[in-house]
>>> print(open('protein_8.txt').read())   # compact mmCIF, C-alpha atoms
# COMPACT_ATOMS: atom_id res chain seq x y z
CA MET M 15 86.45 92.80 85.15
CA ALA M 16 88.74 93.77 82.31
CA ALA M 17 91.95 91.86 82.04
CA GLU M 18 94.36 94.79 82.42
CA THR M 19 92.60 96.63 85.23
CA LEU M 20 94.34 97.07 88.53
CA PRO M 21 94.64 94.06 90.83
CA LYS M 22 92.00 94.31 93.54
CA LEU M 23 94.55 94.50 96.34
CA LEU M 24 96.33 97.42 94.65
CA SER M 25 93.06 99.18 93.87
CA ARG M 26 91.80 98.87 97.46
CA SER M 27 95.17 99.91 98.87
CA LEU M 28 95.25 103.02 96.71
CA TYR M 29 91.73 103.83 97.87
CA LEU M 30 92.86 103.70 101.52
CA PHE M 31 95.46 106.36 100.71
CA GLY M 32 93.06 108.64 98.87
CA VAL M 33 93.59 107.57 95.26
CA TYR M 34 90.33 106.37 93.70
CA VAL M 35 90.99 104.33 90.56
CA GLU M 36 88.19 101.79 90.64
CA ASP M 37 87.98 99.38 87.69
CA ASN M 38 84.42 100.21 86.70
CA ASP M 39 85.44 103.30 84.77
CA THR M 40 88.53 101.98 83.01
CA VAL M 41 86.73 100.42 80.07
CA VAL M 42 85.12 103.61 78.79
CA SER M 43 86.62 106.52 76.95
CA ILE M 44 87.95 109.67 78.54
CA GLU M 45 85.04 111.60 77.04
CA THR M 46 82.61 109.29 78.82
CA ILE M 47 84.50 109.74 82.07
CA LYS M 48 84.23 113.50 81.75
CA ALA M 49 80.58 113.32 80.67
CA LYS M 50 79.74 111.32 83.78
CA ASN M 51 81.67 113.87 85.84
CA LEU M 52 83.85 111.11 87.26
CA SER M 53 86.47 113.60 88.30
CA LYS M 54 88.01 114.34 91.64
CA ARG M 55 84.90 116.35 92.61
CA SER M 56 82.67 113.28 92.44
CA GLN M 57 84.95 110.89 94.27
CA PRO M 58 83.83 109.21 97.51
CA PHE M 59 83.70 111.25 100.69
CA TRP M 60 86.49 109.13 102.17
CA ILE M 61 88.89 110.56 99.59
CA SER M 62 88.26 114.10 100.84
CA ILE M 63 88.65 113.06 104.47
CA GLU M 64 91.92 111.26 103.76
CA MET M 65 93.21 114.18 101.69
CA VAL M 66 92.57 116.71 104.47
CA PHE M 67 93.86 114.48 107.26
CA SER M 68 97.10 113.54 105.52
CA HIS M 69 97.92 117.20 104.88
CA LEU M 70 97.12 118.17 108.44
CA PHE M 71 99.29 115.32 109.69
CA PHE M 72 102.17 116.47 107.48
CA VAL M 73 101.94 120.04 108.81
CA PHE M 74 101.61 118.86 112.41
CA ALA M 75 104.50 116.40 112.10
CA SER M 76 106.76 119.11 110.65
CA VAL M 77 105.90 121.58 113.42
CA TYR M 78 106.06 118.98 116.17
CA GLY M 79 109.42 117.70 114.95
CA GLY M 80 110.80 121.24 114.79
CA LEU M 81 109.73 121.96 118.36
CA GLY M 82 111.00 118.63 119.66
CA ASN M 83 114.49 117.52 120.50
CA GLU M 84 115.12 115.43 117.40
CA SER M 85 118.34 116.02 115.47
CA TRP M 86 118.06 118.12 112.33
CA PRO M 87 119.12 115.35 109.92
CA PHE M 88 116.47 113.08 111.45
CA LEU M 89 113.85 115.84 111.25
CA ILE M 90 114.68 116.69 107.63
CA SER M 91 114.62 113.03 106.60
CA GLY M 92 111.25 112.44 108.24
CA THR M 93 109.81 115.60 106.69
CA LEU M 94 111.07 114.59 103.25
CA ASP M 95 109.46 111.18 103.66
CA LEU M 96 106.06 112.66 104.47
CA PHE M 97 106.42 115.30 101.75
CA GLY M 98 107.24 112.56 99.23
CA PHE M 99 104.00 110.82 100.16
CA VAL M 100 101.91 114.01 100.05
CA LEU M 101 103.46 115.09 96.74
CA ALA M 102 102.63 111.76 95.10
CA LYS M 103 99.13 111.76 96.55
CA ASP M 104 98.38 115.30 95.36
CA SER M 105 99.75 114.54 91.91
CA PHE M 106 97.57 111.45 91.59
CA TYR M 107 94.56 113.37 92.89
CA VAL M 108 94.98 116.08 90.27
CA ARG M 109 95.73 113.58 87.48
CA ILE M 110 93.18 110.93 88.42
CA ILE M 111 91.37 111.15 85.06
CA ARG M 112 94.68 110.70 83.20
CA ILE M 113 95.49 107.67 85.35
CA LYS M 114 92.11 106.11 84.55
CA GLU M 115 92.61 106.85 80.87
CA ALA M 116 96.05 105.25 80.96
CA ILE M 117 94.62 102.08 82.51
CA ARG M 118 91.81 102.09 79.94
CA SER M 119 94.31 102.47 77.11
CA LEU M 120 96.38 99.57 78.41
CA ASN M 121 93.21 97.50 78.49
CA LEU M 122 92.17 98.39 74.95
CA PHE M 123 95.64 98.20 73.39
CA PRO M 124 95.35 95.86 70.36
CA VAL M 125 98.04 93.38 71.39
CA HIS M 126 97.34 89.97 72.87
CA VAL M 127 99.15 89.20 76.12
CA HIS M 128 99.14 85.66 77.47
CA ASN M 129 97.00 85.04 80.54
CA ALA M 130 100.01 83.52 82.29
CA THR M 131 101.84 86.84 81.95
CA LYS M 132 98.85 88.73 83.33
CA ARG M 133 98.58 86.41 86.31
CA ARG M 134 102.31 86.61 86.94
CA ASN M 135 102.22 90.41 86.90
CA ALA M 136 99.24 90.52 89.25
CA LEU M 137 100.94 88.07 91.62
CA LEU M 138 104.08 90.20 91.61
CA ILE M 139 102.14 93.35 92.47
CA ASN M 140 100.22 91.61 95.27
CA THR M 141 103.44 90.16 96.68
CA MET M 142 105.09 93.58 96.73
CA ILE M 143 102.12 95.02 98.61
CA MET M 144 102.20 92.23 101.19
CA ILE M 145 105.95 92.74 101.68
CA ALA M 146 105.33 96.47 102.24
CA PHE M 147 102.79 95.70 104.97
CA PHE M 148 105.14 93.16 106.54
CA PHE M 149 108.06 95.61 106.52
CA ALA M 150 105.89 98.29 108.15
CA VAL M 151 104.88 95.86 110.92
CA VAL M 152 108.52 94.92 111.51
CA TYR M 153 109.58 98.57 111.56
CA ILE M 154 106.93 99.79 114.00
CA THR M 155 107.43 96.75 116.24
CA TYR M 156 111.16 97.40 116.37
CA VAL M 157 110.61 101.08 117.22
CA PHE M 158 108.20 100.30 120.06
CA VAL M 159 110.26 97.43 121.47
CA VAL M 160 113.56 99.31 121.42
CA PHE M 161 112.51 102.84 122.33
CA LYS M 162 109.41 102.22 124.46
CA PRO M 163 107.08 105.20 123.85
CA GLU M 164 106.40 105.62 127.59
CA ASN M 165 110.03 106.66 128.02
CA ILE M 166 109.72 109.45 125.43
CA ILE M 167 107.55 112.33 126.59
CA TRP M 168 107.50 116.04 125.94
CA GLU M 169 109.01 116.91 129.32
CA GLN M 170 110.11 115.15 132.47
CA THR M 171 107.14 114.78 134.78
CA THR M 172 105.78 112.45 137.41
CA ASN M 173 102.15 113.10 136.49
CA TYR M 174 100.66 109.66 135.71
CA ILE M 175 97.92 111.00 133.43
CA LEU M 176 100.33 113.15 131.44
CA ILE M 177 102.68 110.22 131.00
CA ARG M 178 99.87 108.01 129.71
CA LEU M 179 98.55 110.71 127.35
CA SER M 180 102.04 111.34 126.02
CA THR M 181 102.60 107.62 125.51
CA ALA M 182 99.30 107.25 123.62
CA PHE M 183 100.13 110.30 121.51
CA LYS M 184 103.56 108.92 120.61
CA ILE M 185 102.09 105.56 119.63
CA VAL M 186 99.40 107.11 117.41
CA PHE M 187 101.91 109.53 115.87
CA TRP M 188 104.37 106.76 114.95
CA LEU M 189 101.59 104.52 113.65
CA PHE M 190 100.40 107.19 111.20
CA TYR M 191 103.95 108.08 110.21
CA VAL M 192 104.79 104.46 109.42
CA TRP M 193 101.41 104.01 107.70
CA TYR M 194 101.98 106.90 105.31
CA VAL M 195 105.70 106.47 104.67
CA TYR M 196 106.39 102.73 104.87
CA VAL M 197 103.08 101.56 103.41
CA GLY M 198 101.77 104.53 101.41
CA ILE M 199 104.88 105.21 99.32
CA PRO M 200 105.36 101.50 98.45
CA ILE M 201 101.71 101.34 97.34
CA PHE M 202 102.29 104.28 95.01
CA ILE M 203 105.44 102.61 93.68
CA CYS M 204 103.35 99.49 93.02
CA LEU M 205 101.11 101.60 90.77
CA PHE M 206 104.23 102.72 88.88
CA VAL M 207 105.42 99.11 88.60
CA PHE M 208 101.98 98.05 87.33
CA MET M 209 102.24 100.55 84.48
CA CYS M 210 105.80 99.47 83.66
CA LEU M 211 104.90 95.77 83.65
CA HIS M 212 102.04 96.22 81.22
CA ILE M 213 103.92 98.54 78.88
CA ASN M 214 106.69 95.96 78.83
CA ALA M 215 104.17 93.15 78.18
CA LYS M 216 102.86 95.03 75.12
CA LEU M 217 106.40 95.61 73.87
CA GLN M 218 107.25 91.95 74.29
CA ALA M 219 104.13 91.01 72.34
CA ILE M 220 105.29 93.23 69.45
CA HIS M 221 108.75 91.69 69.70
CA GLN M 222 107.27 88.18 69.51
CA LYS M 223 105.46 89.10 66.28
CA LEU M 224 108.73 90.33 64.80
CA GLU M 225 110.49 87.18 65.96
CA PHE M 226 107.80 85.08 64.30
CA MET M 227 108.34 86.88 60.99
CA LEU M 228 112.10 86.46 61.27
CA LYS M 229 111.83 82.77 62.12
CA HIS M 230 109.51 82.00 59.22
CA LYS M 231 111.13 84.47 56.79
CA THR M 232 107.80 86.16 56.13
CA CYS M 233 108.47 89.84 55.55
CA HIS M 234 104.92 90.97 54.74
CA ILE M 235 104.60 94.72 54.45
CA SER M 236 101.13 94.72 56.01
CA ARG M 237 102.39 92.96 59.13
CA ILE M 238 105.36 95.30 59.47
CA HIS M 239 103.06 98.28 59.04
CA LYS M 240 100.67 96.91 61.67
CA GLN M 241 103.42 96.39 64.24
CA ARG M 242 104.82 99.85 63.53
CA LYS M 243 101.45 101.47 64.20
CA LYS M 244 101.13 99.51 67.43
CA PHE M 245 104.58 100.61 68.56
CA CYS M 246 103.85 104.27 67.77
CA TYR M 247 100.65 104.10 69.78
CA LEU M 248 102.46 102.38 72.65
CA GLN M 249 105.18 105.03 72.59
CA LYS M 250 102.52 107.74 72.89
CA LEU M 251 100.84 105.86 75.75
CA SER M 252 104.18 105.40 77.50
CA SER M 253 104.87 109.13 77.21
CA GLU M 254 101.49 109.95 78.75
CA ILE M 255 102.10 107.57 81.65
CA ASN M 256 105.59 109.01 82.14
CA THR M 257 104.15 112.51 82.57
CA ILE M 258 102.08 111.22 85.49
CA PHE M 259 105.11 109.96 87.40
CA THR M 260 108.12 111.95 86.19
CA GLU M 261 108.15 114.72 88.84
CA ILE M 262 107.29 112.27 91.61
CA ILE M 263 110.11 109.92 90.62
CA PHE M 264 112.58 112.82 90.49
CA PHE M 265 111.76 113.89 94.05
CA TRP M 266 111.84 110.30 95.28
CA LEU M 267 115.34 109.89 93.80
CA LEU M 268 116.55 113.06 95.52
CA LYS M 269 115.00 111.88 98.77
CA ILE M 270 116.63 108.48 98.49
CA VAL M 271 120.08 109.99 97.89
CA PHE M 272 119.75 112.45 100.78
CA ARG M 273 118.36 109.90 103.23
CA CYS M 274 120.92 107.26 102.36
CA CYS M 275 123.81 109.72 102.67
CA THR M 276 122.64 110.99 106.06
CA SER M 277 121.98 107.42 107.18
CA MET M 278 125.46 106.33 106.12
CA PHE M 279 126.90 109.29 108.00
CA ASP M 280 125.11 108.16 111.17
CA LEU M 281 126.12 104.53 110.65
CA VAL M 282 129.79 105.51 110.37
CA ARG M 283 129.75 108.16 113.09
CA ASN M 284 127.75 106.39 115.81
CA SER M 285 128.98 103.56 117.96
CA TRP M 286 127.87 99.98 117.36
CA THR M 287 127.73 99.20 121.05
CA GLY M 288 125.39 100.01 123.92
CA ASP M 289 122.34 102.20 123.29
CA ASP M 290 123.61 103.35 119.89
CA LEU M 291 123.28 99.82 118.55
CA SER M 292 119.47 99.98 118.78
CA PHE M 293 119.41 103.28 116.89
CA GLN M 294 121.69 101.82 114.23
CA GLY M 295 119.07 99.13 113.62
CA ILE M 296 116.46 101.72 112.64
CA ILE M 297 118.95 103.45 110.35
CA LEU M 298 119.70 100.13 108.64
CA LEU M 299 115.98 99.52 108.09
CA ASP M 300 115.69 102.98 106.52
CA VAL M 301 118.64 102.29 104.20
CA ILE M 302 117.13 98.94 103.16
CA PHE M 303 113.79 100.68 102.52
CA ASP M 304 115.31 103.38 100.30
CA ILE M 305 117.74 101.18 98.36
CA THR M 306 114.99 98.63 97.70
CA HIS M 307 112.71 101.29 96.23
CA LEU M 308 115.53 102.64 94.09
CA LEU M 309 116.20 99.16 92.68
CA ILE M 310 112.50 98.41 92.12
CA MET M 311 111.87 101.62 90.17
CA CYS M 312 115.00 101.27 88.04
CA ILE M 313 114.74 97.53 87.36
CA PHE M 314 111.11 97.56 86.22
CA ALA M 315 111.54 100.74 84.19
CA ALA M 316 114.65 99.21 82.60
CA LYS M 317 112.57 96.28 81.32
CA ILE M 318 110.83 98.68 78.92
CA VAL M 319 114.13 99.90 77.46
CA GLU M 320 115.46 96.34 77.20
CA SER M 321 112.35 95.15 75.34
CA LYS M 322 112.72 98.06 72.93
CA PHE M 323 116.33 97.08 72.11
CA HIS M 324 115.33 93.43 71.67
CA SER M 325 112.76 94.54 69.10
CA LEU M 326 115.37 96.75 67.46
CA GLU M 327 117.77 93.82 67.09
CA THR M 328 115.05 91.60 65.64
CA LEU M 329 113.96 94.27 63.18
CA THR M 330 117.56 94.77 62.08
CA SER M 331 117.86 91.03 61.49
CA LEU M 332 114.68 91.14 59.40
CA MET M 333 116.38 93.59 57.05
CA LEU M 334 119.44 91.38 56.71
CA PHE M 335 117.98 87.96 56.03
CA ASP M 336 118.60 86.66 52.55
CA GLN M 337 115.02 86.59 51.24
CA PRO M 338 114.70 89.36 48.66
CA CYS M 339 112.43 92.24 49.62
CA ASN M 340 110.99 94.76 47.25
CA GLU M 341 111.39 98.50 47.61
CA ASN M 342 108.15 98.96 49.57
CA HIS M 343 109.24 96.36 52.10
CA LEU M 344 112.58 98.08 52.58
CA GLN M 345 110.96 101.49 52.98
CA GLU M 346 108.56 100.18 55.59
CA LEU M 347 111.36 98.37 57.44
CA ASN M 348 113.59 101.46 57.32
CA LEU M 349 110.77 103.65 58.62
CA PHE M 350 110.00 101.24 61.47
CA LEU M 351 113.71 100.89 62.25
CA SER M 352 114.16 104.67 62.35
CA ILE M 353 111.16 105.16 64.64
CA LEU M 354 112.24 102.34 66.92
CA GLY M 355 115.86 103.45 67.07
CA HIS M 356 115.09 107.09 67.84
CA SER M 357 112.17 106.50 70.18
CA ASN M 358 112.49 107.63 73.77
CA ILE M 359 110.08 105.08 75.16
CA GLY M 360 110.75 104.54 78.86
CA MET M 361 110.28 106.12 82.27
CA THR M 362 112.23 109.21 83.28
CA ALA M 363 112.78 111.47 86.26
CA PHE M 364 111.83 115.02 85.31
CA ASP M 365 112.02 114.03 81.64
CA PHE M 366 115.83 113.95 81.49
CA ILE M 367 117.04 111.12 83.76
CA LEU M 368 116.23 107.75 82.22
CA LEU M 369 115.35 105.09 84.77
CA ASN M 370 117.46 102.02 84.08
CA LYS M 371 119.93 99.70 85.77
CA ASN M 372 122.82 102.07 85.07
CA LEU M 373 121.06 104.77 87.08
CA ALA M 374 120.63 102.37 90.01
CA LEU M 375 124.33 101.51 89.86
CA SER M 376 125.32 105.18 89.60
CA VAL M 377 123.21 106.25 92.59
CA SER M 378 124.43 103.27 94.61
CA GLY M 379 127.99 104.20 93.65
CA ILE M 380 127.48 107.78 94.85
CA ILE M 381 126.14 106.57 98.18
CA GLY M 382 128.92 104.02 98.54
CA SER M 383 131.64 106.56 97.68
CA TYR M 384 130.19 109.03 100.16
CA SER M 385 130.20 106.33 102.85
CA ILE M 386 133.86 105.48 102.19
CA ILE M 387 134.87 109.15 102.35
CA ILE M 388 132.99 109.65 105.62
CA TYR M 389 134.54 106.52 107.06
CA GLN M 390 138.05 107.63 106.14
CA ILE M 391 137.51 111.13 107.53
CA SER M 392 136.04 109.78 110.77
CA ASN M 393 139.10 107.60 111.29
>>> encode(input="protein_8.txt", output="structure tokens")
Amino acid sequence: MAAETLPKLLSRSLYLFGVYVEDNDTVVSIETIKAKNLSKRSQPFWISIEMVFSHLFFVFASVYGGLGNESWPFLISGTLDLFGFVLAKDSFYVRIIRIKEAIRSLNLFPVHVHNATKRRNALLINTMIMIAFFFAVVYITYVFVVFKPENIIWEQTTNYILIRLSTAFKIVFWLFYVWYVYVGIPIFICLFVFMCLHINAKLQAIHQKLEFMLKHKTCHISRIHKQRKKFCYLQKLSSEINTIFTEIIFFWLLKIVFRCCTSMFDLVRNSWTGDDLSFQGIILLDVIFDITHLLIMCIFAAKIVESKFHSLETLTSLMLFDQPCNENHLQELNLFLSILGHSNIGMTAFDFILLNKNLALSVSGIIGSYSIIIYQISN
């Protein structure tokens, strides 16, 4: 298996949710992939089944929620969650060849990354997946323990069979909802984090080469030229990966803001005693889920921007050290510095909102300010 291919746990998890990115095809070119017809039409039959079922479940859940007695904020939040999953899944399905090509390009990128870094990244991805499964188990257990599905039926009835059928239906419905939202979306975010980690690893490798030249005062034009070409290629690869995720990330951000604001409204408005306390627990779990995903996306995307600025600082220092450089050296350094300084390498939401730590703080600030305003008004 190639070193930069997806961790097995991530690859198998994506397969369960209808995204087929097996490692066997990531070491060949995109032309070979197309020649072998390894497109969405030739994917395993399970992918088609999962695609149809998830869409049917989304439609059914939306209609069922609209006909039920759930509150409109709760219904809209649940629908947005399922739509966020379906949107990401459809986008990956349509762009599956581009995803495979991106993984192949990361594998073939001519920069050496230490095996310890690769193992650490794989361990991080696997840990995030296990935490997602654990959170889903905690969430569904809490829902069943607190609300008891047998007490929630379509209509009041004493028919034993109808009660049992309704209970079984509620259990299956909640299991699939939690499976798609609280496991599926985190798995897709893990794919995003995988891309960010490996782009950042390549950037750090370039930065280490520049640091080596600065430390040893060896300003060779051929080495500068080589690192510049690598950075330009990495910037192009980063842009291609960004186009895969940019619309999905934008919708996820909108969903997070809406869900957190409605959740904060319920937390402030509802009582923290009696039966309302149990409902508040579910709302808190939802807030933790959304805020955690916001932080994960912004923190790992921010690593790319930070590595770029570290390289920019090192390159600037290379131009200032006291060893004399000839005109060709200065031209090459100035060209590299200009490209690095004006590059837009990084992950964005809809190509205009840069994902970084400042964005996480801004969104958190909006949610916090909204909560304070609601609290003051309610009092």
>>> closest_residue(input="protein_8.txt", among="M:Lys250, M:Phe97, M:Tyr156, M:Lys223", to="Leu298 in chain M", atoms="all atoms listed in the file")
M:Tyr156
>>> residues_around(input="protein_8.txt", residues="Phe72 in chain M", least_positions_apart="5", cutoff="12 Å", atoms="only C-alpha atoms", output="list of chain:residue names")
M:Met65, M:Val66, M:Phe67, M:Val77, M:Tyr78, M:Gly79, M:Gly92, M:Thr93, M:Leu94, M:Asp95, M:Leu96, M:Phe97, M:Gly98, M:Phe99, M:Val100, M:Leu101, M:Phe187, M:Phe190, M:Tyr191, M:Tyr194, M:Val195
>>> atom_distance(input="protein_8.txt", atom1="CA of Phe183 in chain M", atom2="CA of Phe158 in chain M")
12.9 Å
>>> closest_atom_pairs(input="protein_8.txt", of="range 301-367 of chain M", to="range 211-217 of chain M", cutoff="10 Å", atoms="all atoms listed in the file", output="CSV")
residue,atom,partner,partner_atom,distance
M:Phe314,CA,M:Leu211,CA,7.0
M:Ala315,CA,M:Leu211,CA,8.3
M:Ala316,CA,M:Asn214,CA,9.4
M:Lys317,CA,M:Asn214,CA,6.4
M:Ile318,CA,M:Asn214,CA,5.0
M:Val319,CA,M:Asn214,CA,8.5
M:Glu320,CA,M:Asn214,CA,8.9
M:Ser321,CA,M:Leu217,CA,6.1
M:Lys322,CA,M:Leu217,CA,6.8
M:His324,CA,M:Leu217,CA,9.5
M:Ser325,CA,M:Leu217,CA,8.0
M:Ile359,CA,M:Ile213,CA,9.7
M:Gly360,CA,M:Ile213,CA,9.1
>>> write_last_selection(input="protein_8.txt", atoms="C-alpha atoms", output="mmCIF file, keeping the file's coordinate frame")
data_model
loop_
_atom_site.group_PDB
_atom_site.id
_atom_site.type_symbol
_atom_site.label_atom_id
_atom_site.label_comp_id
_atom_site.auth_asym_id
_atom_site.auth_seq_id
_atom_site.Cartn_x
_atom_site.Cartn_y
_atom_site.Cartn_z
ATOM 1 C CA PHE M 314 111.110 97.560 86.220
ATOM 2 C CA ALA M 315 111.540 100.740 84.190
ATOM 3 C CA ALA M 316 114.650 99.210 82.600
ATOM 4 C CA LYS M 317 112.570 96.280 81.320
ATOM 5 C CA ILE M 318 110.830 98.680 78.920
ATOM 6 C CA VAL M 319 114.130 99.900 77.460
ATOM 7 C CA GLU M 320 115.460 96.340 77.200
ATOM 8 C CA SER M 321 112.350 95.150 75.340
ATOM 9 C CA LYS M 322 112.720 98.060 72.930
ATOM 10 C CA HIS M 324 115.330 93.430 71.670
ATOM 11 C CA SER M 325 112.760 94.540 69.100
ATOM 12 C CA ILE M 359 110.080 105.080 75.160
ATOM 13 C CA GLY M 360 110.750 104.540 78.860
#
>>> residues_around(input="protein_8.txt", residues="range 143-146 of chain M", least_positions_apart="3", cutoff="10 Å", atoms="all atoms listed in the file", output="number ranges by chain")
M: 23-24, 27, 137-140, 149-152, 196-204, 303
>>> atom_distance(input="protein_8.txt", atom1="CA of Lys114 in chain M", atom2="CA of Phe364 in chain M")
21.7 Å
>>> residues_around(input="protein_8.txt", residues="Leu30 in chain M", least_positions_apart="5", cutoff="9 Å", atoms="all atoms listed in the file", output="PyMOL selection string")
chain M and resi 25+60-61+64+198
>>> closest_residue(input="protein_8.txt", among="M:Ile258, M:Leu268, M:Cys312, M:Leu189", to="Ile111 in chain M", atoms="all atoms listed in the file")
M:Ile258
>>> closest_residue(input="protein_8.txt", among="M:Leu224, M:Leu251, M:Ile296, M:Ile63", to="Phe88 in chain M", atoms="only C-alpha atoms")
M:Ile296
>>> residues_around(input="protein_8.txt", residues="range 229-245 of chain M", least_positions_apart="6", cutoff="12 Å", atoms="all atoms listed in the file", output="PyMOL selection string")
chain M and resi 120+122-126+213-214+216-223+251-252+321-322+325-326+328-329+331-355+357-359
>>> atom_distance(input="protein_8.txt", atom1="CA of Cys274 in chain M", atom2="CA of Phe31 in chain M")
25.5 Å
>>> residues_near_point(input="protein_8.txt", point="(120.8, 98.5, 107.4)", cutoff="12 Å", atoms="all atoms listed in the file", output="list in words")
Tyr153, Cys274, Ser277, Met278, Asp280, Leu281, Val282, Leu291, Ser292, Phe293, Gln294, Gly295, Ile296, Ile297, Leu298, Leu299, Asp300, Val301, Ile302, Phe303, Asp304, Ile305 and Thr306 of chain M
>>> write_last_selection(input="protein_8.txt", atoms="C-alpha atoms", output="mmCIF file, in the frame of the given file")
data_model
loop_
_atom_site.group_PDB
_atom_site.id
_atom_site.type_symbol
_atom_site.label_atom_id
_atom_site.label_comp_id
_atom_site.auth_asym_id
_atom_site.auth_seq_id
_atom_site.Cartn_x
_atom_site.Cartn_y
_atom_site.Cartn_z
ATOM 1 C CA TYR M 153 109.580 98.570 111.560
ATOM 2 C CA CYS M 274 120.920 107.260 102.360
ATOM 3 C CA SER M 277 121.980 107.420 107.180
ATOM 4 C CA MET M 278 125.460 106.330 106.120
ATOM 5 C CA ASP M 280 125.110 108.160 111.170
ATOM 6 C CA LEU M 281 126.120 104.530 110.650
ATOM 7 C CA VAL M 282 129.790 105.510 110.370
ATOM 8 C CA LEU M 291 123.280 99.820 118.550
ATOM 9 C CA SER M 292 119.470 99.980 118.780
ATOM 10 C CA PHE M 293 119.410 103.280 116.890
ATOM 11 C CA GLN M 294 121.690 101.820 114.230
ATOM 12 C CA GLY M 295 119.070 99.130 113.620
ATOM 13 C CA ILE M 296 116.460 101.720 112.640
ATOM 14 C CA ILE M 297 118.950 103.450 110.350
ATOM 15 C CA LEU M 298 119.700 100.130 108.640
ATOM 16 C CA LEU M 299 115.980 99.520 108.090
ATOM 17 C CA ASP M 300 115.690 102.980 106.520
ATOM 18 C CA VAL M 301 118.640 102.290 104.200
ATOM 19 C CA ILE M 302 117.130 98.940 103.160
ATOM 20 C CA PHE M 303 113.790 100.680 102.520
ATOM 21 C CA ASP M 304 115.310 103.380 100.300
ATOM 22 C CA ILE M 305 117.740 101.180 98.360
ATOM 23 C CA THR M 306 114.990 98.630 97.700
#
>>> closest_residue(input="protein_8.txt", among="M:Ile388, M:Leu248, M:Val271, M:Ile117", to="Phe206 in chain M", atoms="all atoms listed in the file")
M:Ile117
>>> build_atoms(input="protein_8.txt", residues="range 24-28 of chain M", atoms="all heavy atoms", output="compact mmCIF listing (two decimals), in the frame of the given file")
# COMPACT_ATOMS: atom_id res chain seq x y z
N LEU M 24 95.74 96.12 94.95
CA LEU M 24 96.33 97.42 94.65
C LEU M 24 95.27 98.50 94.60
O LEU M 24 95.46 99.61 95.13
CB LEU M 24 97.09 97.35 93.33
CG LEU M 24 97.73 98.66 92.85
CD1 LEU M 24 98.68 99.23 93.89
CD2 LEU M 24 98.44 98.45 91.53
N SER M 25 94.13 98.20 93.96
CA SER M 25 93.06 99.18 93.87
C SER M 25 92.53 99.57 95.24
O SER M 25 92.35 100.76 95.54
CB SER M 25 91.92 98.61 93.01
OG SER M 25 90.84 99.50 92.94
N ARG M 26 92.31 98.58 96.11
CA ARG M 26 91.80 98.87 97.46
C ARG M 26 92.85 99.60 98.30
O ARG M 26 92.52 100.48 99.10
CB ARG M 26 91.40 97.57 98.16
CG ARG M 26 90.30 96.80 97.44
CD ARG M 26 89.00 97.59 97.36
NE ARG M 26 87.93 96.80 96.76
CZ ARG M 26 87.62 96.82 95.47
NH1 ARG M 26 88.33 97.59 94.65
NH2 ARG M 26 86.63 96.09 95.00
N SER M 27 94.11 99.25 98.11
CA SER M 27 95.17 99.91 98.87
C SER M 27 95.30 101.37 98.46
O SER M 27 95.47 102.26 99.32
CB SER M 27 96.50 99.18 98.66
OG SER M 27 96.44 97.84 99.11
N LEU M 28 95.23 101.64 97.17
CA LEU M 28 95.25 103.02 96.71
C LEU M 28 94.07 103.80 97.26
O LEU M 28 94.21 104.98 97.63
CB LEU M 28 95.24 103.06 95.18
CG LEU M 28 96.53 102.64 94.47
CD1 LEU M 28 96.29 102.48 92.98
CD2 LEU M 28 97.64 103.64 94.73
